[in-house]
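Have a look at input.txt; it's compact mmCIF, C-alpha atoms:
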# COMPACT_ATOMS: atom_id res chain seq x y z
CA MET A 85 0.00 0.00 0.00
CA THR A 86 1.15 3.52 -0.63
CA THR A 87 2.83 6.25 0.73
CA PRO A 88 3.00 7.27 -0.13
CA ALA A 89 4.72 6.32 0.11
CA SER A 90 3.01 5.84 -0.36
CA PRO A 91 2.79 6.25 0.13
CA ALA A 92 3.55 5.98 -1.49
CA SER A 93 5.45 2.12 -1.78
CA MET A 94 5.37 -1.12 0.14
CA PRO A 95 8.08 -1.41 2.81
CA ALA A 96 11.22 -3.42 2.15
CA ALA A 97 10.33 -5.53 5.18
CA PHE A 98 7.55 -7.11 3.11
CA ALA A 99 9.93 -8.12 0.32
CA ALA A 100 10.76 -11.73 -0.43
CA PRO A 101 14.47 -12.60 -0.66
CA ARG A 102 15.99 -12.50 -4.09
CA PRO A 103 16.96 -15.91 -5.51
CA ALA A 104 20.66 -16.58 -5.88
CA CYS A 105 20.48 -16.99 -9.64
CA ALA A 106 17.69 -14.85 -11.06
CA PRO A 107 16.46 -15.89 -14.51
CA LEU A 108 16.35 -13.56 -17.47
CA VAL A 109 13.54 -11.12 -16.73
CA ALA A 110 10.96 -10.18 -19.32
CA PRO A 111 10.84 -6.45 -20.17
CA LEU A 112 7.19 -6.48 -19.05
CA VAL A 113 8.32 -6.58 -15.40
CA TYR A 114 10.29 -3.37 -15.79
CA ILE A 115 7.41 -1.71 -17.63
CA LYS A 116 5.04 -2.66 -14.81
CA LEU A 117 7.43 -1.21 -12.21
CA VAL A 118 7.56 2.09 -14.08
CA PHE A 119 3.75 2.10 -14.05
CA VAL A 120 3.78 1.36 -10.31
CA ALA A 121 5.88 4.51 -9.79
CA LEU A 122 3.44 6.38 -12.05
CA PHE A 123 0.45 5.08 -10.06
CA TRP A 124 2.06 6.09 -6.77
CA GLY A 125 3.03 9.49 -8.18
CA GLY A 126 -0.62 9.90 -9.15
CA THR A 127 -1.77 9.31 -5.57
CA PHE A 128 -0.58 12.83 -4.72
CA ILE A 129 -2.85 14.34 -7.36
CA ALA A 130 -5.83 12.15 -6.41
CA GLY A 131 -5.10 12.76 -2.73
CA ARG A 132 -4.98 16.52 -3.28
CA ILE A 133 -8.39 16.46 -5.01
CA VAL A 134 -9.96 14.32 -2.28
CA ALA A 135 -8.32 16.20 0.60
CA GLN A 136 -9.75 19.52 -0.60
CA ALA A 137 -13.28 18.08 -0.78
CA LEU A 138 -13.49 15.77 2.25
CA PRO A 139 -12.12 15.58 5.81
CA ALA A 140 -9.01 13.40 6.06
CA LEU A 141 -10.59 10.48 7.94
CA THR A 142 -13.53 10.23 5.55
CA ALA A 143 -11.28 10.46 2.50
CA ALA A 144 -8.95 7.75 3.82
CA SER A 145 -11.93 5.54 4.77
CA GLY A 146 -13.19 5.71 1.20
CA ARG A 147 -9.78 4.78 -0.15
CA PHE A 148 -9.39 1.74 2.06
CA ALA A 149 -12.98 0.59 1.72
CA VAL A 150 -12.17 0.12 -1.98
CA ALA A 151 -8.71 -1.32 -1.31
CA VAL A 152 -9.77 -3.80 1.39
CA ALA A 153 -12.61 -5.16 -0.77
CA LEU A 154 -10.14 -5.85 -3.58
CA LEU A 155 -7.47 -7.21 -1.22
CA LEU A 156 -9.97 -9.72 0.20
CA VAL A 157 -10.75 -10.92 -3.33
CA LEU A 158 -7.01 -11.11 -4.07
CA ALA A 159 -6.31 -13.08 -0.87
CA TRP A 160 -9.08 -15.54 -1.71
CA LYS A 161 -8.01 -15.95 -5.34
CA VAL A 162 -4.25 -16.25 -4.75
CA GLU A 163 -4.04 -17.89 -1.30
CA GLY A 164 -7.47 -19.42 -0.76
CA GLY A 165 -8.45 -16.90 1.91
CA LEU A 166 -6.97 -15.42 5.06
CA PRO A 167 -5.33 -17.51 7.80
CA ARG A 168 -6.40 -17.40 11.44
CA LEU A 169 -4.20 -15.14 13.50
CA SER A 170 -2.45 -15.87 16.75
CA ARG A 171 -2.67 -13.29 19.53
CA THR A 172 0.76 -11.94 18.62
CA GLN A 173 -0.20 -11.66 14.96
CA MET A 174 -3.40 -9.86 15.92
CA LEU A 175 -1.35 -7.27 17.82
CA THR A 176 1.28 -6.81 15.10
CA THR A 177 -1.26 -6.46 12.27
CA ALA A 178 -3.26 -4.02 14.43
CA ALA A 179 -0.05 -2.02 14.91
CA LEU A 180 0.48 -2.07 11.14
CA GLY A 181 -3.04 -0.80 10.56
CA PHE A 182 -2.69 1.92 13.18
CA THR A 183 0.69 3.27 12.01
CA GLY A 184 0.86 2.66 8.27
CA ILE A 185 -2.81 3.11 7.38
CA PHE A 186 -4.65 5.11 10.04
CA LEU A 187 -1.95 7.58 11.15
CA TYR A 188 -0.07 7.71 7.84
CA ASN A 189 -3.16 8.46 5.74
CA LEU A 190 -4.52 10.90 8.29
CA CYS A 191 -1.28 12.92 8.16
CA PHE A 192 -0.78 12.40 4.40
CA LEU A 193 -4.23 13.69 3.41
CA ALA A 194 -4.17 16.48 5.98
CA ALA A 195 -0.82 17.60 4.51
CA LEU A 196 -2.24 17.49 0.97
CA ALA A 197 -5.09 19.74 2.09
CA ARG A 198 -2.45 22.35 3.01
CA MET A 199 0.37 21.84 0.45
CA PRO A 200 0.62 21.51 -3.33
CA ALA A 201 0.76 17.90 -4.54
CA GLY A 202 4.16 18.24 -6.24
CA ARG A 203 5.82 19.71 -3.14
CA THR A 204 4.29 16.98 -0.98
CA ALA A 205 5.55 14.27 -3.33
CA LEU A 206 9.15 15.34 -2.80
CA PHE A 207 8.91 14.72 0.93
CA VAL A 208 8.28 11.04 0.28
CA ALA A 209 11.87 10.70 -0.89
CA LEU A 210 12.76 10.87 2.81
CA ASN A 211 10.86 7.65 3.63
CA PRO A 212 13.82 5.26 3.27
CA ILE A 213 16.13 7.76 4.99
CA VAL A 214 13.95 8.05 8.09
CA THR A 215 13.48 4.26 8.09
CA ALA A 216 17.26 3.74 7.98
CA LEU A 217 17.75 6.15 10.89
CA ALA A 218 15.01 4.46 12.90
CA SER A 219 16.60 1.06 12.24
CA ALA A 220 19.95 2.37 13.44
CA LEU A 221 18.51 3.93 16.60
CA LEU A 222 15.97 1.28 17.58
CA LEU A 223 17.36 -1.94 16.10
CA ARG A 224 21.06 -1.06 16.37
CA GLU A 225 21.62 -1.60 12.67
CA ARG A 226 25.01 -0.29 11.65
CA LEU A 227 25.24 2.44 9.03
CA GLY A 228 28.51 2.83 7.16
CA ARG A 229 30.12 6.09 6.03
CA VAL A 230 28.51 5.95 2.59
CA LYS A 231 25.04 5.56 4.09
CA TRP A 232 25.60 8.46 6.49
CA LEU A 233 26.75 10.57 3.54
CA GLY A 234 23.57 9.61 1.68
CA ILE A 235 21.44 10.59 4.68
CA ALA A 236 23.19 13.97 4.92
CA ILE A 237 22.70 14.65 1.18
CA ALA A 238 19.03 13.65 1.33
CA PHE A 239 18.35 15.97 4.25
CA ALA A 240 20.20 18.78 2.48
CA GLY A 241 17.93 18.25 -0.52
CA THR A 242 14.89 18.34 1.71
CA ALA A 243 16.09 21.60 3.27
CA VAL A 244 16.34 23.12 -0.22
CA ILE A 245 12.77 21.98 -0.99
CA ILE A 246 11.26 23.18 2.29
CA THR A 247 12.93 26.60 2.20
CA ARG A 248 12.33 27.04 -1.55
CA GLY A 249 16.05 27.31 -2.22
CA ASP A 250 17.01 29.61 0.66
CA PRO A 251 18.00 27.48 3.68
CA LEU A 252 20.10 30.23 5.30
CA GLY A 253 17.40 32.86 4.94
CA ALA A 254 14.84 30.46 6.37
CA LEU A 255 16.77 30.28 9.63
CA HIS A 256 15.68 33.85 10.38
CA ASP A 257 11.99 33.03 9.84
CA ILE A 258 11.55 29.28 10.08
CA GLY A 259 7.79 29.59 10.44
CA LYS A 260 7.53 30.88 6.87
CA SER A 261 9.14 27.70 5.47
CA LEU A 262 8.01 25.06 7.94
CA GLY A 263 4.24 25.16 8.12
CA ALA A 264 1.55 22.72 9.22
CA GLY A 265 1.68 20.83 5.91
CA GLU A 266 5.39 20.17 6.18
CA LEU A 267 5.10 19.04 9.80
CA LEU A 268 2.23 16.70 8.91
CA MET A 269 4.31 15.14 6.13
CA PHE A 270 7.20 14.57 8.53
CA CYS A 271 4.72 12.83 10.84
CA ALA A 272 3.46 10.73 7.92
CA ILE A 273 7.00 9.69 7.03
CA SER A 274 7.70 8.73 10.64
CA CYS A 275 4.51 6.64 10.72
CA TRP A 276 5.61 4.83 7.57
CA ALA A 277 9.01 4.11 9.09
CA ALA A 278 7.25 2.57 12.11
CA TYR A 279 5.03 0.56 9.75
CA THR A 280 8.10 -0.76 7.93
CA LEU A 281 9.86 -1.83 11.12
CA ILE A 282 6.74 -3.47 12.56
CA GLY A 283 6.30 -5.26 9.24
CA ARG A 284 9.42 -7.31 9.91
CA ALA A 285 7.70 -8.94 12.87
CA ALA A 286 4.36 -9.21 11.08
CA LEU A 287 5.81 -11.37 8.32
CA ARG A 288 6.85 -14.12 10.70
CA GLY A 289 4.25 -16.65 9.67
CA LEU A 290 2.21 -14.39 7.36
CA THR A 291 2.46 -13.83 3.62
CA PRO A 292 2.69 -10.25 2.31
CA ILE A 293 -0.87 -10.45 0.98
CA ALA A 294 -2.26 -11.73 4.30
CA ALA A 295 -0.31 -9.19 6.38
CA THR A 296 -1.35 -6.31 4.13
CA THR A 297 -5.01 -7.38 4.04
CA TYR A 298 -5.22 -7.70 7.82
CA ALA A 299 -3.44 -4.35 8.21
CA GLY A 300 -5.97 -2.87 5.79
CA LEU A 301 -8.89 -4.30 7.77
CA TRP A 302 -7.53 -2.89 11.04
CA GLY A 303 -6.72 0.45 9.42
CA LEU A 304 -10.18 0.72 7.87
CA ALA A 305 -11.76 -0.02 11.26
CA PHE A 306 -9.71 2.76 12.91
CA LEU A 307 -10.44 5.21 10.09
CA ALA A 308 -14.16 4.47 9.93
CA SER A 309 -14.50 4.89 13.71
CA GLY A 310 -13.15 8.42 13.44
CA ALA A 311 -14.89 9.21 10.16
CA ALA A 312 -18.30 8.37 11.68
CA PHE A 313 -18.14 11.70 13.53
CA GLU A 314 -17.48 13.54 10.24
CA PHE A 315 -20.29 11.97 8.19
CA PRO A 316 -23.19 14.16 9.46
CA SER A 317 -21.50 17.34 8.20
CA ILE A 318 -20.69 16.01 4.70
CA HIS A 319 -22.98 16.57 1.71
CA PHE A 320 -22.06 13.48 -0.31
CA ALA A 321 -24.51 14.36 -3.11
CA ALA A 322 -22.55 17.55 -3.77
CA LEU A 323 -19.27 15.73 -4.42
CA THR A 324 -18.10 15.88 -8.03
CA TRP A 325 -17.18 12.91 -10.20
CA ARG A 326 -13.51 13.92 -9.83
CA VAL A 327 -13.68 13.26 -6.08
CA TRP A 328 -15.30 9.83 -6.51
CA ALA A 329 -12.86 8.93 -9.31
CA SER A 330 -9.93 10.01 -7.12
CA ILE A 331 -11.11 7.79 -4.25
CA ALA A 332 -11.43 4.85 -6.66
CA TYR A 333 -7.97 5.61 -8.08
CA LEU A 334 -6.40 5.67 -4.61
CA GLY A 335 -7.94 2.31 -3.75
CA VAL A 336 -7.48 0.46 -7.06
CA PHE A 337 -4.31 1.85 -8.62
CA GLY A 338 -2.59 3.50 -5.66
CA THR A 339 -3.06 0.55 -3.32
CA VAL A 340 -4.02 -2.83 -4.80
CA LEU A 341 -2.67 -2.84 -8.36
CA GLY A 342 0.50 -1.05 -7.27
CA PHE A 343 1.00 -3.67 -4.54
CA VAL A 344 0.49 -6.64 -6.91
CA TRP A 345 2.82 -5.35 -9.61
CA TYR A 346 5.42 -4.23 -7.08
CA TYR A 347 5.64 -7.76 -5.70
CA GLU A 348 5.85 -9.22 -9.18
CA GLY A 349 8.99 -7.09 -9.48
CA VAL A 350 10.30 -8.23 -6.07
CA LYS A 351 9.84 -11.85 -7.09
CA ALA A 352 11.45 -11.39 -10.52
CA ILE A 353 14.41 -9.06 -9.85
CA GLY A 354 14.70 -8.89 -6.05
CA PRO A 355 13.78 -6.20 -3.49
CA SER A 356 16.84 -3.97 -3.90
CA ARG A 357 16.53 -3.56 -7.67
CA THR A 358 12.77 -3.15 -7.37
CA ALA A 359 13.13 -0.44 -4.72
CA VAL A 360 15.18 1.69 -7.14
CA PHE A 361 11.97 2.40 -9.06
CA ASN A 362 10.61 4.19 -5.96
CA ASN A 363 12.91 7.08 -6.88
CA LEU A 364 10.61 7.76 -9.84
CA VAL A 365 7.60 8.41 -7.58
CA PRO A 366 8.38 12.06 -6.72
CA VAL A 367 9.39 12.68 -10.35
CA PHE A 368 5.98 11.50 -11.57
CA GLY A 369 4.30 13.33 -8.70
CA ILE A 370 5.79 16.68 -9.74
CA ALA A 371 5.13 16.10 -13.45
CA LEU A 372 1.50 15.06 -12.92
CA ALA A 373 0.85 17.94 -10.51
CA ALA A 374 2.14 20.40 -13.13
CA LEU A 375 0.18 18.73 -15.94
CA LEU A 376 -3.14 18.06 -14.20
CA LEU A 377 -3.29 20.68 -11.42
CA ASP A 378 -1.29 23.48 -13.10
CA GLU A 379 1.11 23.62 -10.15
CA PRO A 380 4.38 25.49 -10.75
CA VAL A 381 7.65 23.57 -10.88
CA LEU A 382 10.21 25.59 -8.93
CA ALA A 383 13.96 25.33 -9.50
CA SER A 384 14.36 24.58 -5.78
CA MET A 385 12.06 21.56 -6.18
CA LEU A 386 14.19 20.17 -9.03
CA VAL A 387 17.53 20.77 -7.27
CA GLY A 388 16.32 19.61 -3.86
CA GLY A 389 14.53 16.60 -5.35
CA ALA A 390 17.66 15.55 -7.24
CA LEU A 391 19.74 15.81 -4.04
CA ALA A 392 17.17 13.85 -2.03
CA ILE A 393 16.99 11.06 -4.63
CA ALA A 394 20.81 10.91 -4.84
CA GLY A 395 20.95 10.62 -1.05
CA VAL A 396 18.40 7.81 -1.08
CA PHE A 397 20.40 5.99 -3.75
CA LEU A 398 23.56 6.17 -1.65
CA THR A 399 21.74 5.08 1.51
CA ASN A 400 20.20 2.05 -0.22
CA ARG A 401 23.36 1.08 -2.10
CA GLN A 402 24.39 -2.49 -1.46
CA SER A 403 27.83 -2.80 0.07
CA SER A 404 30.22 -5.40 -1.30
CA GLY A 405 30.71 -7.30 1.93
CA VAL A 406 32.42 -4.40 3.71
CA ASN A 407 30.62 -1.84 5.82
CA LYS A 408 32.34 1.28 4.55
For this file, write the structure as structure tokens.
Amino acid sequence: MTTPASPASMPAAFAAPRPACAPLVAPLVYIKLVFVALFWGGTFIAGRIVAQALPALTAASGRFAVAVALLLVLAWKVEGGLPRLSRTQMLTTAALGFTGIFLYNLCFLAALARMPAGRTALFVALNPIVTALASALLLRERLGRVKWLGIAIAFAGTAVIITRGDPLGALHDIGKSLGAGELLMFCAISCWAAYTLIGRAALRGLTPIAATTYAGLWGLAFLASGAAFEFPSIHFAALTWRVWASIAYLGVFGTVLGFVWYYEGVKAIGPSRTAVFNNLVPVFGIALAALLLDEPVLASMLVGGALAIAGVFLTNRQSSGVNK
């Protein structure tokens, strides 16, 4: 499911290990992965449309009502249904639903209600960086010099984006650069990092489809409980077709189809090579926001986005047996 992330992407913790000798991969796999990045880039445009028309909890509930219905069909078709959960699995999937679906989407859509879609998309480049830092702090995973350099470059790129190309000037008036939208996106990224780390425990005994479907069910329950208080004030009949189409897009393309195709890539070429395609998500997000929403593309967005993506590439680079 996205982040954003997802999105707009699925966490690396849900990735199957790459076989030692991967067969020759059909070009269709790479084409599908490009489309996955396009779908996830499009979630920022659809999310922006929905967030301006509906409260965040209601919008997210609509997205996951569609997604969960399709995930249940997928689980039945591919795996014959969902397994019974142990008490530990109930707790871990509930934690997944609370962090990666309820809190992430609440912050993500609330940020999109306050920020342009293209600017929001660039923040998602920080997802793997924050996850790497959380792994180092909480799980004592060691980061080498190259990874620390990548983290520093990615944060420098983010500073350029946030301050619109004037990081030094922003120090004198940080409130002008760092508003509610930016803070909400940082919260969303932190929630996705927690989701990724919890996912490592959730996959002990559960397939990715089962873990994601249960997380979706929990997340939808949390979202709908909060959205019930918003329903009386919403005039659903007044919503335009663009809002309904955006909700359907978020559920079908941004969540389910993106998930299925992403894991086809994981299975065919391995998680590390598949994850590289995530770097295209902010690129598509900016391009689609400019094309469909007439949002301006600032030079600071291009420079900062390039730095952030370069930092992510360095952080995710596979070492050759030596922790540099």
Where's the centre, and what are the edge lengths in Å to one decimal, of a box along x, y and z enclosing all listed atoms of stretch 129-145 of chain A padded 3 Å per side, as AutoDock Vina command-line options?
--center_x -8.2 --center_y 12.5 --center_z 0.3 --size_x 16.7 --size_y 20.0 --size_z 21.3
Excluding A:Cys275 and its own-chain neighbours fewer than 2 positions away, which residues fall within 10 Å of it when counting all atoms listed in the file? Please give them as a compact mmCIF listing (two decimals) with C-alpha atoms, keeping the file's coordinate frame.
# COMPACT_ATOMS: atom_id res chain seq x y z
CA LEU A 180 0.48 -2.07 11.14
CA PHE A 182 -2.69 1.92 13.18
CA THR A 183 0.69 3.27 12.01
CA GLY A 184 0.86 2.66 8.27
CA ILE A 185 -2.81 3.11 7.38
CA PHE A 186 -4.65 5.11 10.04
CA LEU A 187 -1.95 7.58 11.15
CA TYR A 188 -0.07 7.71 7.84
CA ASN A 189 -3.16 8.46 5.74
CA CYS A 191 -1.28 12.92 8.16
CA ASN A 211 10.86 7.65 3.63
CA VAL A 214 13.95 8.05 8.09
CA THR A 215 13.48 4.26 8.09
CA MET A 269 4.31 15.14 6.13
CA PHE A 270 7.20 14.57 8.53
CA CYS A 271 4.72 12.83 10.84
CA ALA A 272 3.46 10.73 7.92
CA ILE A 273 7.00 9.69 7.03
CA ALA A 277 9.01 4.11 9.09
CA ALA A 278 7.25 2.57 12.11
CA TYR A 279 5.03 0.56 9.75
CA THR A 280 8.10 -0.76 7.93
Subject >> Within 7 Å of A:Leu117 using only C-alpha atoms, minus same-chain residues under 6 positions, as an MDAnalysis selection string >> reply: chainID A and resid 345:346 349 361
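Atom pair atom CA of A:Phe337 / atom CA of A:Leu138: separated by 19.9 Å.
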Original post:
A:Ala383, A:Met174, A:Leu190, A:Ala151: which is nearest A:Trp276, counting only C-alpha atoms?
Top reply: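 Nearest candidate to A:Trp276 out of A:Ala383, A:Met174, A:Leu190, A:Ala151: A:Leu190.
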Original post:
Quick one, how far is atom CA of A:Gly125 from atom CA of A:Arg203?
Top reply: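 Interatomic distance, atom CA of A:Gly125 to atom CA of A:Arg203: 11.7 Å.
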Original post:
Please, what distance in Å, to one decimal, runs between atom CA of A:Ala159 and atom CA of A:Arg171?
Top reply: 20.7 Å
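Closest to A:Leu307 among A:Ile129, A:Ala143, A:Val336, A:Val118 is A:Ala143, based on all atoms listed in the file.
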Original post:
Nearest to A:Leu206: which of A:Ala238, A:Leu304, A:Ile133, A:Ala194 is it, counting only C-alpha atoms?
Top reply: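 Counting only C-alpha atoms, the residue closest to A:Leu206 is A:Ala238.
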Original post:
Using all atoms listed in the file, which residues sit within 10 Å of A:Arg226 once same-chain residues fewer than 5 positions away are excluded, as a PyMOL selection string?
Top reply: chain A and resi 216-217+219-221+231+407
**OP:** Determine, counting all atoms listed in the file, which protein, DNA and RNA residues have an atom within 10 Å of an atom of A:Lys116; residues of the same chain fewer than 3 positions away are not included. Present the result as a list in words.
**Re:**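 Skipping anything fewer than 3 positions along the chain leaves Pro111, Leu112, Val113, Phe119, Val120, Ala121, Leu122, Gly342, Val344, Trp345, Tyr346, Glu348 and Gly349 of chain A.
Minimum atom-to-atom distances from A:Leu141, A:Ile115, A:Leu341, A:Ile237 to A:Ala312 were compared using all atoms listed in the file, and the lowest value belongs to A:Leu141.
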**OP:** Would you please work out which residue, of A:Trp124, A:Trp160, A:Tyr347, A:Phe315, is nearest to A:Ala140 when using all atoms listed in the file?
**Re:**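 Nearest candidate to A:Ala140 out of A:Trp124, A:Trp160, A:Tyr347, A:Phe315: A:Phe315.
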**OP:** Would you mind listing what lies within 9 Å of A:Gln173 as number ranges by chain, with all atoms listed in the file counted and same-chain residues fewer than 4 positions away left out?
**Re:** A: 169, 177-178, 285-290, 295
Subject >> Among the residues A:Phe320, A:Phe368, A:Phe128, A:Trp302, the one that comes closest to A:Thr142 [using all atoms listed in the file] >> reply: A:Phe320
